[in-house]
Amino acid sequence: MKITALKTFVVPPRWLFLKVETDEGLFGWGEPVLEGHAETLAAKIHELETFLIGRDPMLIEDTWQMIYRNGCYRGGPVLMSAMSGVDMALWDIKGKAYGQPVHALMGGKVRDRIRSYRWIGGDRPDNLIAEAKDLMAAGYNACKFNATEELQYIDSFAKVDAIVARISALRDAVGTDLDLALDFHGRVHAPMARILLKELEPVRPIFVEDAVVSAHIGAMADLARETSIPLCIGERLHSRYDFREVFEKRAAGIINPDTAHVGGISEMVRIGHMAEAYDIPIAPHCPLGPIALAACLQVDAICYNAVIQEQSLGIHYNQGGDLNDYLRPESRFKVEDGFLPIPQGPGLGIEVDEDVVQDRARIGHNWRAPVWRHADGSIADW
């Protein structure tokens, strides 16, 4: 069997899909997207045609190593996100060739379902109580939301008090029936992160994500030693090599690598097993599309230390297209009692509706993160 084509589809709301075709009629789907850079990733995928067309799609590990080690430049968000989509698609092909889900080819599943959460509140935390109650009515028992708006390196205690009051009001409204995960989203610098983590301990979040940006692993390690809240890092790290320092410095109590950004299922499983050696759980990051989520669920099936899965059904970004819009009815995602079932179909376990993909690709998208500024006119971290 040989790879004959790589086809990319830029589709709403902000996703990029990849279809890898073979000369035996089998094909696989991947999602090589980097939020806000879909066109860049499409170009990178087409650059990889030189290496991939004519190759045996069953040689997944060899292909992974070839792409990763070719040339001087390794890692980073663009290369690893492109590799992620290719890796997903090759595993999809291999699973279909053997009539088995990916997890069956990687040692078999250790669970039947995984707890799941989704976002509330939008880019700036708003309407949290109403959206949390809607989420609970839909069967969820966990959510995540942005804890803050813009924050300067040193900001006012008026802002701190407003943040704490908003999140405390949410806790009072939902009690302990809904677990809260907070995302600082890289908006908070170390001095303010130290203050906020102390003030938010009584709210008892299950974790705080990106308490500081991933470049400051040393600062996160310092914060981790000072707080009882588990700190979470991972969506902006792109390989096991990036995670090594996190583990060695004990900078996080939980990690959330993204299967669409770290090199696909192959690397995600390696990172998961590596984390288990440090007694650290994983909560895969995935505010993305259906193919990325299906790939995450295969990882959740394999990694014993997977504890909860992010997904984007109905979140604020999904204007013009939601996950299940791109899937055939028999393989659409459904949260049941706060859990997502592990797909049991061959490959990734989903059936992509290619007619819908092609139709939506004619619309495309040009999604970009918003540009924010502080009161003094300087650029704010989004």
# chains A, B, ... in the order shown; residues from 1 in each chain; ligands from 1
>>> closest_atom_pairs(of="region 283-348 of chain A", to="region 76-84 of chain A", cutoff="12 Å", atoms="only C-alpha atoms", output="JSON lines")
{"residue": "A:Ile291", "atom": "CA", "partner": "A:Ser84", "partner_atom": "CA", "distance": 11.0}
{"residue": "A:Ala292", "atom": "CA", "partner": "A:Ser84", "partner_atom": "CA", "distance": 9.1}
{"residue": "A:Ala295", "atom": "CA", "partner": "A:Ser84", "partner_atom": "CA", "distance": 9.7}
{"residue": "A:Cys296", "atom": "CA", "partner": "A:Ser84", "partner_atom": "CA", "distance": 11.3}
>>> residues_around(residues="region 85-97 of chain A", least_positions_apart="3", cutoff="6 Å", atoms="only C-alpha atoms", output="list in words")
Phe27, Gly28, Trp29, Gly30, Glu31, Pro32, Pro57, Met58, Ala82, Gln100, Pro101, Val102, Gly264, Pro346, Gly347 and Leu348 of chain A
>>> residues_around(residues="region 155-161 of chain A", least_positions_apart="4", cutoff="7 Å", atoms="only C-alpha atoms", output="ChimeraX atom specification")
/A:151,165,196
>>> write_last_selection(atoms="C-alpha atoms", output="mmCIF file, in the first residue's frame")
data_model
loop_
_atom_site.group_PDB
_atom_site.id
_atom_site.type_symbol
_atom_site.label_atom_id
_atom_site.label_comp_id
_atom_site.auth_asym_id
_atom_site.auth_seq_id
_atom_site.Cartn_x
_atom_site.Cartn_y
_atom_site.Cartn_z
ATOM 1 C CA LEU A 151 -3.867 41.660 33.747
ATOM 2 C CA ALA A 165 -15.939 37.462 43.773
ATOM 3 C CA LEU A 196 -4.512 34.880 42.679
#
>>> closest_residue(among="A:Arg171, A:Arg250, A:Arg55, A:Arg124", to="Glu149 (chain A)", atoms="only C-alpha atoms")
A:Arg124
>>> select_by_dssp(residues="region 143-303 of chain A", states="alpha helix (DSSP H)", output="PDB file with N, CA and C atoms, in the first residue's frame")
ATOM      1  N   PHE A 157      -5.669  45.474  43.275  1.00  0.00           N
ATOM      2  CA  PHE A 157      -6.423  44.526  44.084  1.00  0.00           C
ATOM      3  C   PHE A 157      -7.916  44.638  43.806  1.00  0.00           C
ATOM      4  N   ALA A 158      -8.357  45.725  43.201  1.00  0.00           N
ATOM      5  CA  ALA A 158      -9.751  45.809  42.772  1.00  0.00           C
ATOM      6  C   ALA A 158     -10.035  44.723  41.731  1.00  0.00           C
ATOM      7  N   LYS A 159      -9.093  44.523  40.809  1.00  0.00           N
ATOM      8  CA  LYS A 159      -9.264  43.453  39.824  1.00  0.00           C
ATOM      9  C   LYS A 159      -9.221  42.082  40.493  1.00  0.00           C
ATOM     10  N   VAL A 160      -8.284  41.912  41.423  1.00  0.00           N
ATOM     11  CA  VAL A 160      -8.193  40.641  42.137  1.00  0.00           C
ATOM     12  C   VAL A 160      -9.504  40.346  42.855  1.00  0.00           C
ATOM     13  N   ASP A 161     -10.035  41.334  43.554  1.00  0.00           N
ATOM     14  CA  ASP A 161     -11.288  41.140  44.298  1.00  0.00           C
ATOM     15  C   ASP A 161     -12.439  40.796  43.351  1.00  0.00           C
ATOM     16  N   ALA A 162     -12.471  41.438  42.186  1.00  0.00           N
ATOM     17  CA  ALA A 162     -13.542  41.161  41.227  1.00  0.00           C
ATOM     18  C   ALA A 162     -13.436  39.733  40.696  1.00  0.00           C
ATOM     19  N   ILE A 163     -12.214  39.286  40.414  1.00  0.00           N
ATOM     20  CA  ILE A 163     -12.010  37.911  39.938  1.00  0.00           C
ATOM     21  C   ILE A 163     -12.472  36.912  40.987  1.00  0.00           C
ATOM     22  N   VAL A 164     -12.038  37.102  42.202  1.00  0.00           N
ATOM     23  CA  VAL A 164     -12.376  36.172  43.288  1.00  0.00           C
ATOM     24  C   VAL A 164     -13.880  36.189  43.549  1.00  0.00           C
ATOM     25  N   ALA A 165     -14.497  37.367  43.524  1.00  0.00           N
ATOM     26  CA  ALA A 165     -15.939  37.462  43.773  1.00  0.00           C
ATOM     27  C   ALA A 165     -16.730  36.737  42.694  1.00  0.00           C
ATOM     28  N   ARG A 166     -16.312  36.900  41.442  1.00  0.00           N
ATOM     29  CA  ARG A 166     -17.023  36.250  40.334  1.00  0.00           C
ATOM     30  C   ARG A 166     -16.952  34.724  40.448  1.00  0.00           C
ATOM     31  N   ILE A 167     -15.766  34.215  40.735  1.00  0.00           N
ATOM     32  CA  ILE A 167     -15.594  32.766  40.788  1.00  0.00           C
ATOM     33  C   ILE A 167     -16.227  32.208  42.071  1.00  0.00           C
ATOM     34  N   SER A 168     -16.154  32.937  43.148  1.00  0.00           N
ATOM     35  CA  SER A 168     -16.793  32.495  44.388  1.00  0.00           C
ATOM     36  C   SER A 168     -18.312  32.443  44.230  1.00  0.00           C
ATOM     37  N   ALA A 169     -18.873  33.413  43.518  1.00  0.00           N
ATOM     38  CA  ALA A 169     -20.318  33.402  43.274  1.00  0.00           C
ATOM     39  C   ALA A 169     -20.716  32.169  42.463  1.00  0.00           C
ATOM     40  N   LEU A 170     -19.877  31.808  41.499  1.00  0.00           N
ATOM     41  CA  LEU A 170     -20.155  30.597  40.721  1.00  0.00           C
ATOM     42  C   LEU A 170     -20.101  29.369  41.620  1.00  0.00           C
ATOM     43  N   ARG A 171     -19.087  29.289  42.458  1.00  0.00           N
ATOM     44  CA  ARG A 171     -18.986  28.144  43.372  1.00  0.00           C
ATOM     45  C   ARG A 171     -20.211  28.056  44.279  1.00  0.00           C
ATOM     46  N   ASP A 172     -20.654  29.186  44.798  1.00  0.00           N
ATOM     47  CA  ASP A 172     -21.834  29.190  45.659  1.00  0.00           C
ATOM     48  C   ASP A 172     -23.069  28.718  44.888  1.00  0.00           C
ATOM     49  N   ALA A 173     -23.150  29.073  43.611  1.00  0.00           N
ATOM     50  CA  ALA A 173     -24.328  28.734  42.818  1.00  0.00           C
ATOM     51  C   ALA A 173     -24.392  27.256  42.452  1.00  0.00           C
ATOM     52  N   VAL A 174     -23.256  26.637  42.229  1.00  0.00           N
ATOM     53  CA  VAL A 174     -23.257  25.237  41.773  1.00  0.00           C
ATOM     54  C   VAL A 174     -22.876  24.269  42.883  1.00  0.00           C
ATOM     55  N   ALA A 190       3.851  36.153  36.857  1.00  0.00           N
ATOM     56  CA  ALA A 190       4.169  35.479  38.118  1.00  0.00           C
ATOM     57  C   ALA A 190       3.746  36.256  39.374  1.00  0.00           C
ATOM     58  N   PRO A 191       3.987  37.575  39.466  1.00  0.00           N
ATOM     59  CA  PRO A 191       3.599  38.266  40.703  1.00  0.00           C
ATOM     60  C   PRO A 191       2.098  38.189  40.981  1.00  0.00           C
ATOM     61  N   MET A 192       1.284  38.361  39.939  1.00  0.00           N
ATOM     62  CA  MET A 192      -0.167  38.303  40.128  1.00  0.00           C
ATOM     63  C   MET A 192      -0.648  36.862  40.264  1.00  0.00           C
ATOM     64  N   ALA A 193       0.019  35.928  39.598  1.00  0.00           N
ATOM     65  CA  ALA A 193      -0.363  34.524  39.717  1.00  0.00           C
ATOM     66  C   ALA A 193      -0.231  34.056  41.163  1.00  0.00           C
ATOM     67  N   ARG A 194       0.834  34.485  41.826  1.00  0.00           N
ATOM     68  CA  ARG A 194       1.044  34.097  43.222  1.00  0.00           C
ATOM     69  C   ARG A 194      -0.106  34.591  44.103  1.00  0.00           C
ATOM     70  N   ILE A 195      -0.536  35.824  43.878  1.00  0.00           N
ATOM     71  CA  ILE A 195      -1.640  36.402  44.656  1.00  0.00           C
ATOM     72  C   ILE A 195      -2.944  35.676  44.353  1.00  0.00           C
ATOM     73  N   LEU A 196      -3.236  35.488  43.063  1.00  0.00           N
ATOM     74  CA  LEU A 196      -4.512  34.880  42.679  1.00  0.00           C
ATOM     75  C   LEU A 196      -4.628  33.442  43.160  1.00  0.00           C
ATOM     76  N   LEU A 197      -3.564  32.681  43.050  1.00  0.00           N
ATOM     77  CA  LEU A 197      -3.628  31.295  43.489  1.00  0.00           C
ATOM     78  C   LEU A 197      -3.946  31.221  44.984  1.00  0.00           C
ATOM     79  N   LYS A 198      -3.356  32.086  45.763  1.00  0.00           N
ATOM     80  CA  LYS A 198      -3.646  32.094  47.197  1.00  0.00           C
ATOM     81  C   LYS A 198      -5.104  32.469  47.452  1.00  0.00           C
ATOM     82  N   GLU A 199      -5.591  33.489  46.763  1.00  0.00           N
ATOM     83  CA  GLU A 199      -6.957  33.960  46.978  1.00  0.00           C
ATOM     84  C   GLU A 199      -7.996  32.941  46.499  1.00  0.00           C
ATOM     85  N   LEU A 200      -7.645  32.134  45.500  1.00  0.00           N
ATOM     86  CA  LEU A 200      -8.611  31.203  44.906  1.00  0.00           C
ATOM     87  C   LEU A 200      -8.605  29.823  45.543  1.00  0.00           C
ATOM     88  N   ILE A 217       8.729  27.819  33.019  1.00  0.00           N
ATOM     89  CA  ILE A 217       8.523  26.586  33.784  1.00  0.00           C
ATOM     90  C   ILE A 217       9.122  26.714  35.183  1.00  0.00           C
ATOM     91  N   GLY A 218      10.234  27.409  35.309  1.00  0.00           N
ATOM     92  CA  GLY A 218      10.820  27.623  36.626  1.00  0.00           C
ATOM     93  C   GLY A 218       9.880  28.387  37.539  1.00  0.00           C
ATOM     94  N   ALA A 219       9.244  29.438  37.013  1.00  0.00           N
ATOM     95  CA  ALA A 219       8.289  30.209  37.812  1.00  0.00           C
ATOM     96  C   ALA A 219       7.090  29.352  38.184  1.00  0.00           C
ATOM     97  N   MET A 220       6.636  28.505  37.250  1.00  0.00           N
ATOM     98  CA  MET A 220       5.504  27.635  37.570  1.00  0.00           C
ATOM     99  C   MET A 220       5.880  26.634  38.658  1.00  0.00           C
ATOM    100  N   ALA A 221       7.106  26.141  38.615  1.00  0.00           N
ATOM    101  CA  ALA A 221       7.559  25.222  39.658  1.00  0.00           C
ATOM    102  C   ALA A 221       7.547  25.913  41.022  1.00  0.00           C
ATOM    103  N   ASP A 222       7.969  27.169  41.072  1.00  0.00           N
ATOM    104  CA  ASP A 222       7.921  27.923  42.318  1.00  0.00           C
ATOM    105  C   ASP A 222       6.478  28.049  42.812  1.00  0.00           C
ATOM    106  N   LEU A 223       5.568  28.375  41.895  1.00  0.00           N
ATOM    107  CA  LEU A 223       4.162  28.528  42.265  1.00  0.00           C
ATOM    108  C   LEU A 223       3.573  27.206  42.737  1.00  0.00           C
ATOM    109  N   ALA A 224       3.958  26.119  42.076  1.00  0.00           N
ATOM    110  CA  ALA A 224       3.422  24.801  42.437  1.00  0.00           C
ATOM    111  C   ALA A 224       3.774  24.428  43.871  1.00  0.00           C
ATOM    112  N   ARG A 225       4.927  24.876  44.331  1.00  0.00           N
ATOM    113  CA  ARG A 225       5.338  24.570  45.703  1.00  0.00           C
ATOM    114  C   ARG A 225       4.589  25.422  46.737  1.00  0.00           C
ATOM    115  N   GLU A 226       3.965  26.510  46.277  1.00  0.00           N
ATOM    116  CA  GLU A 226       3.327  27.444  47.207  1.00  0.00           C
ATOM    117  C   GLU A 226       1.819  27.266  47.304  1.00  0.00           C
ATOM    118  N   ARG A 240       7.690  15.442  23.821  1.00  0.00           N
ATOM    119  CA  ARG A 240       8.126  14.896  25.117  1.00  0.00           C
ATOM    120  C   ARG A 240       9.338  15.653  25.651  1.00  0.00           C
ATOM    121  N   TYR A 241      10.154  16.177  24.751  1.00  0.00           N
ATOM    122  CA  TYR A 241      11.342  16.916  25.175  1.00  0.00           C
ATOM    123  C   TYR A 241      10.964  18.203  25.892  1.00  0.00           C
ATOM    124  N   ASP A 242       9.874  18.842  25.458  1.00  0.00           N
ATOM    125  CA  ASP A 242       9.387  20.038  26.134  1.00  0.00           C
ATOM    126  C   ASP A 242       8.861  19.709  27.531  1.00  0.00           C
ATOM    127  N   PHE A 243       8.282  18.520  27.688  1.00  0.00           N
ATOM    128  CA  PHE A 243       7.691  18.147  28.972  1.00  0.00           C
ATOM    129  C   PHE A 243       8.733  17.670  29.982  1.00  0.00           C
ATOM    130  N   ARG A 244       9.903  17.315  29.524  1.00  0.00           N
ATOM    131  CA  ARG A 244      10.905  16.764  30.439  1.00  0.00           C
ATOM    132  C   ARG A 244      11.186  17.713  31.596  1.00  0.00           C
ATOM    133  N   GLU A 245      11.372  19.007  31.289  1.00  0.00           N
ATOM    134  CA  GLU A 245      11.666  19.972  32.348  1.00  0.00           C
ATOM    135  C   GLU A 245      10.485  20.118  33.298  1.00  0.00           C
ATOM    136  N   VAL A 246       9.268  20.051  32.774  1.00  0.00           N
ATOM    137  CA  VAL A 246       8.079  20.122  33.632  1.00  0.00           C
ATOM    138  C   VAL A 246       8.109  19.011  34.670  1.00  0.00           C
ATOM    139  N   PHE A 247       8.413  17.790  34.209  1.00  0.00           N
ATOM    140  CA  PHE A 247       8.431  16.656  35.121  1.00  0.00           C
ATOM    141  C   PHE A 247       9.597  16.760  36.112  1.00  0.00           C
ATOM    142  N   GLU A 248      10.767  17.095  35.602  1.00  0.00           N
ATOM    143  CA  GLU A 248      11.949  17.124  36.462  1.00  0.00           C
ATOM    144  C   GLU A 248      11.854  18.200  37.543  1.00  0.00           C
ATOM    145  N   GLY A 264       0.775  14.126  17.345  1.00  0.00           N
ATOM    146  CA  GLY A 264      -0.248  13.123  17.118  1.00  0.00           C
ATOM    147  C   GLY A 264      -0.366  12.085  18.212  1.00  0.00           C
ATOM    148  N   ILE A 265      -1.069  11.019  17.882  1.00  0.00           N
ATOM    149  CA  ILE A 265      -1.327   9.944  18.840  1.00  0.00           C
ATOM    150  C   ILE A 265      -0.018   9.324  19.310  1.00  0.00           C
ATOM    151  N   SER A 266       0.909   9.109  18.406  1.00  0.00           N
ATOM    152  CA  SER A 266       2.170   8.438  18.758  1.00  0.00           C
ATOM    153  C   SER A 266       2.900   9.165  19.871  1.00  0.00           C
ATOM    154  N   GLU A 267       3.094  10.476  19.718  1.00  0.00           N
ATOM    155  CA  GLU A 267       3.827  11.238  20.722  1.00  0.00           C
ATOM    156  C   GLU A 267       2.986  11.465  21.968  1.00  0.00           C
ATOM    157  N   MET A 268       1.692  11.615  21.793  1.00  0.00           N
ATOM    158  CA  MET A 268       0.812  11.843  22.936  1.00  0.00           C
ATOM    159  C   MET A 268       0.859  10.660  23.898  1.00  0.00           C
ATOM    160  N   VAL A 269       0.849   9.460  23.359  1.00  0.00           N
ATOM    161  CA  VAL A 269       0.917   8.274  24.215  1.00  0.00           C
ATOM    162  C   VAL A 269       2.262   8.209  24.926  1.00  0.00           C
ATOM    163  N   ARG A 270       3.338   8.565  24.226  1.00  0.00           N
ATOM    164  CA  ARG A 270       4.656   8.578  24.870  1.00  0.00           C
ATOM    165  C   ARG A 270       4.688   9.568  26.032  1.00  0.00           C
ATOM    166  N   ILE A 271       4.109  10.748  25.821  1.00  0.00           N
ATOM    167  CA  ILE A 271       4.071  11.756  26.878  1.00  0.00           C
ATOM    168  C   ILE A 271       3.225  11.264  28.048  1.00  0.00           C
ATOM    169  N   GLY A 272       2.099  10.632  27.735  1.00  0.00           N
ATOM    170  CA  GLY A 272       1.245  10.112  28.792  1.00  0.00           C
ATOM    171  C   GLY A 272       1.945   9.080  29.649  1.00  0.00           C
ATOM    172  N   HIS A 273       2.657   8.157  29.015  1.00  0.00           N
ATOM    173  CA  HIS A 273       3.377   7.144  29.776  1.00  0.00           C
ATOM    174  C   HIS A 273       4.535   7.761  30.560  1.00  0.00           C
ATOM    175  N   MET A 274       5.175   8.762  29.977  1.00  0.00           N
ATOM    176  CA  MET A 274       6.256   9.464  30.664  1.00  0.00           C
ATOM    177  C   MET A 274       5.715  10.159  31.923  1.00  0.00           C
ATOM    178  N   ALA A 275       4.551  10.779  31.801  1.00  0.00           N
ATOM    179  CA  ALA A 275       3.939  11.453  32.951  1.00  0.00           C
ATOM    180  C   ALA A 275       3.593  10.459  34.048  1.00  0.00           C
ATOM    181  N   GLU A 276       3.136   9.275  33.660  1.00  0.00           N
ATOM    182  CA  GLU A 276       2.757   8.272  34.657  1.00  0.00           C
ATOM    183  C   GLU A 276       3.941   7.905  35.542  1.00  0.00           C
ATOM    184  N   PRO A 290     -13.704  17.509  15.432  1.00  0.00           N
ATOM    185  CA  PRO A 290     -14.073  16.119  15.738  1.00  0.00           C
ATOM    186  C   PRO A 290     -12.957  15.109  15.532  1.00  0.00           C
ATOM    187  N   ILE A 291     -12.075  15.359  14.578  1.00  0.00           N
ATOM    188  CA  ILE A 291     -10.996  14.404  14.319  1.00  0.00           C
ATOM    189  C   ILE A 291      -9.979  14.459  15.452  1.00  0.00           C
ATOM    190  N   ALA A 292      -9.653  15.668  15.891  1.00  0.00           N
ATOM    191  CA  ALA A 292      -8.735  15.818  17.023  1.00  0.00           C
ATOM    192  C   ALA A 292      -9.316  15.168  18.274  1.00  0.00           C
ATOM    193  N   LEU A 293     -10.621  15.337  18.500  1.00  0.00           N
ATOM    194  CA  LEU A 293     -11.234  14.733  19.679  1.00  0.00           C
ATOM    195  C   LEU A 293     -11.216  13.210  19.581  1.00  0.00           C
ATOM    196  N   ALA A 294     -11.504  12.668  18.413  1.00  0.00           N
ATOM    197  CA  ALA A 294     -11.451  11.213  18.245  1.00  0.00           C
ATOM    198  C   ALA A 294     -10.053  10.683  18.529  1.00  0.00           C
ATOM    199  N   ALA A 295      -9.028  11.418  18.087  1.00  0.00           N
ATOM    200  CA  ALA A 295      -7.648  11.008  18.358  1.00  0.00           C
ATOM    201  C   ALA A 295      -7.362  11.060  19.855  1.00  0.00           C
ATOM    202  N   CYS A 296      -7.844  12.108  20.535  1.00  0.00           N
ATOM    203  CA  CYS A 296      -7.663  12.198  21.988  1.00  0.00           C
ATOM    204  C   CYS A 296      -8.304  11.014  22.696  1.00  0.00           C
ATOM    205  N   LEU A 297      -9.475  10.613  22.261  1.00  0.00           N
ATOM    206  CA  LEU A 297     -10.175   9.509  22.917  1.00  0.00           C
ATOM    207  C   LEU A 297      -9.431   8.195  22.759  1.00  0.00           C
ATOM    208  N   GLN A 298      -8.713   8.040  21.653  1.00  0.00           N
ATOM    209  CA  GLN A 298      -7.864   6.851  21.512  1.00  0.00           C
ATOM    210  C   GLN A 298      -6.733   6.879  22.533  1.00  0.00           C
ATOM    211  N   VAL A 299      -6.183   8.063  22.771  1.00  0.00           N
ATOM    212  CA  VAL A 299      -5.137   8.211  23.792  1.00  0.00           C
ATOM    213  C   VAL A 299      -5.707   7.939  25.180  1.00  0.00           C
ATOM    214  N   ASP A 300      -6.890   8.488  25.452  1.00  0.00           N
ATOM    215  CA  ASP A 300      -7.529   8.267  26.744  1.00  0.00           C
ATOM    216  C   ASP A 300      -7.770   6.784  27.002  1.00  0.00           C
ATOM    217  N   ALA A 301      -8.052   6.058  25.936  1.00  0.00           N
ATOM    218  CA  ALA A 301      -8.294   4.624  26.073  1.00  0.00           C
ATOM    219  C   ALA A 301      -7.036   3.876  26.477  1.00  0.00           C
ATOM    220  N   ILE A 302      -5.881   4.382  26.079  1.00  0.00           N
ATOM    221  CA  ILE A 302      -4.607   3.666  26.251  1.00  0.00           C
ATOM    222  C   ILE A 302      -3.885   4.070  27.524  1.00  0.00           C
TER     223      ILE A 302
END
>>> residues_around(residues="Arg115 (chain A)", least_positions_apart="5", cutoff="6 Å", atoms="only C-alpha atoms", output="list in words")
Ile308, Gly338 and Phe339 of chain A
>>> write_last_selection(atoms="C-alpha atoms", output="PDB file, in the first residue's frame")
ATOM      1  CA  ILE A 308     -10.589  13.995  32.041  1.00  0.00           C
ATOM      2  CA  GLY A 338     -20.524  13.526  32.244  1.00  0.00           C
ATOM      3  CA  PHE A 339     -18.573  10.940  30.223  1.00  0.00           C
TER       4      PHE A 339
END
>>> closest_atom_pairs(of="region 318-376 of chain A", to="region 107-113 of chain A", cutoff="6 Å", atoms="only C-alpha atoms", output="JSON lines")
{"residue": "A:Leu340", "atom": "CA", "partner": "A:Arg113", "partner_atom": "CA", "distance": 5.5}
{"residue": "A:Pro341", "atom": "CA", "partner": "A:Arg113", "partner_atom": "CA", "distance": 4.2}
{"residue": "A:Ile342", "atom": "CA", "partner": "A:Arg113", "partner_atom": "CA", "distance": 5.1}
>>> decode(residues="region 296-308 of chain A", atoms="C-alpha atoms", output="PDB file, in the first residue's frame")
ATOM      1  CA  CYS A 296      -7.663  12.198  21.988  1.00  0.00           C
ATOM      2  CA  LEU A 297     -10.175   9.509  22.917  1.00  0.00           C
ATOM      3  CA  GLN A 298      -7.864   6.851  21.512  1.00  0.00           C
ATOM      4  CA  VAL A 299      -5.137   8.211  23.792  1.00  0.00           C
ATOM      5  CA  ASP A 300      -7.529   8.267  26.744  1.00  0.00           C
ATOM      6  CA  ALA A 301      -8.294   4.624  26.073  1.00  0.00           C
ATOM      7  CA  ILE A 302      -4.607   3.666  26.251  1.00  0.00           C
ATOM      8  CA  CYS A 303      -3.128   5.883  28.968  1.00  0.00           C
ATOM      9  CA  TYR A 304      -4.023   4.709  32.463  1.00  0.00           C
ATOM     10  CA  ASN A 305      -3.355   8.175  33.935  1.00  0.00           C
ATOM     11  CA  ALA A 306      -5.861   9.984  31.664  1.00  0.00           C
ATOM     12  CA  VAL A 307      -8.424  11.554  34.002  1.00  0.00           C
ATOM     13  CA  ILE A 308     -10.589  13.995  32.041  1.00  0.00           C
TER      14      ILE A 308
END
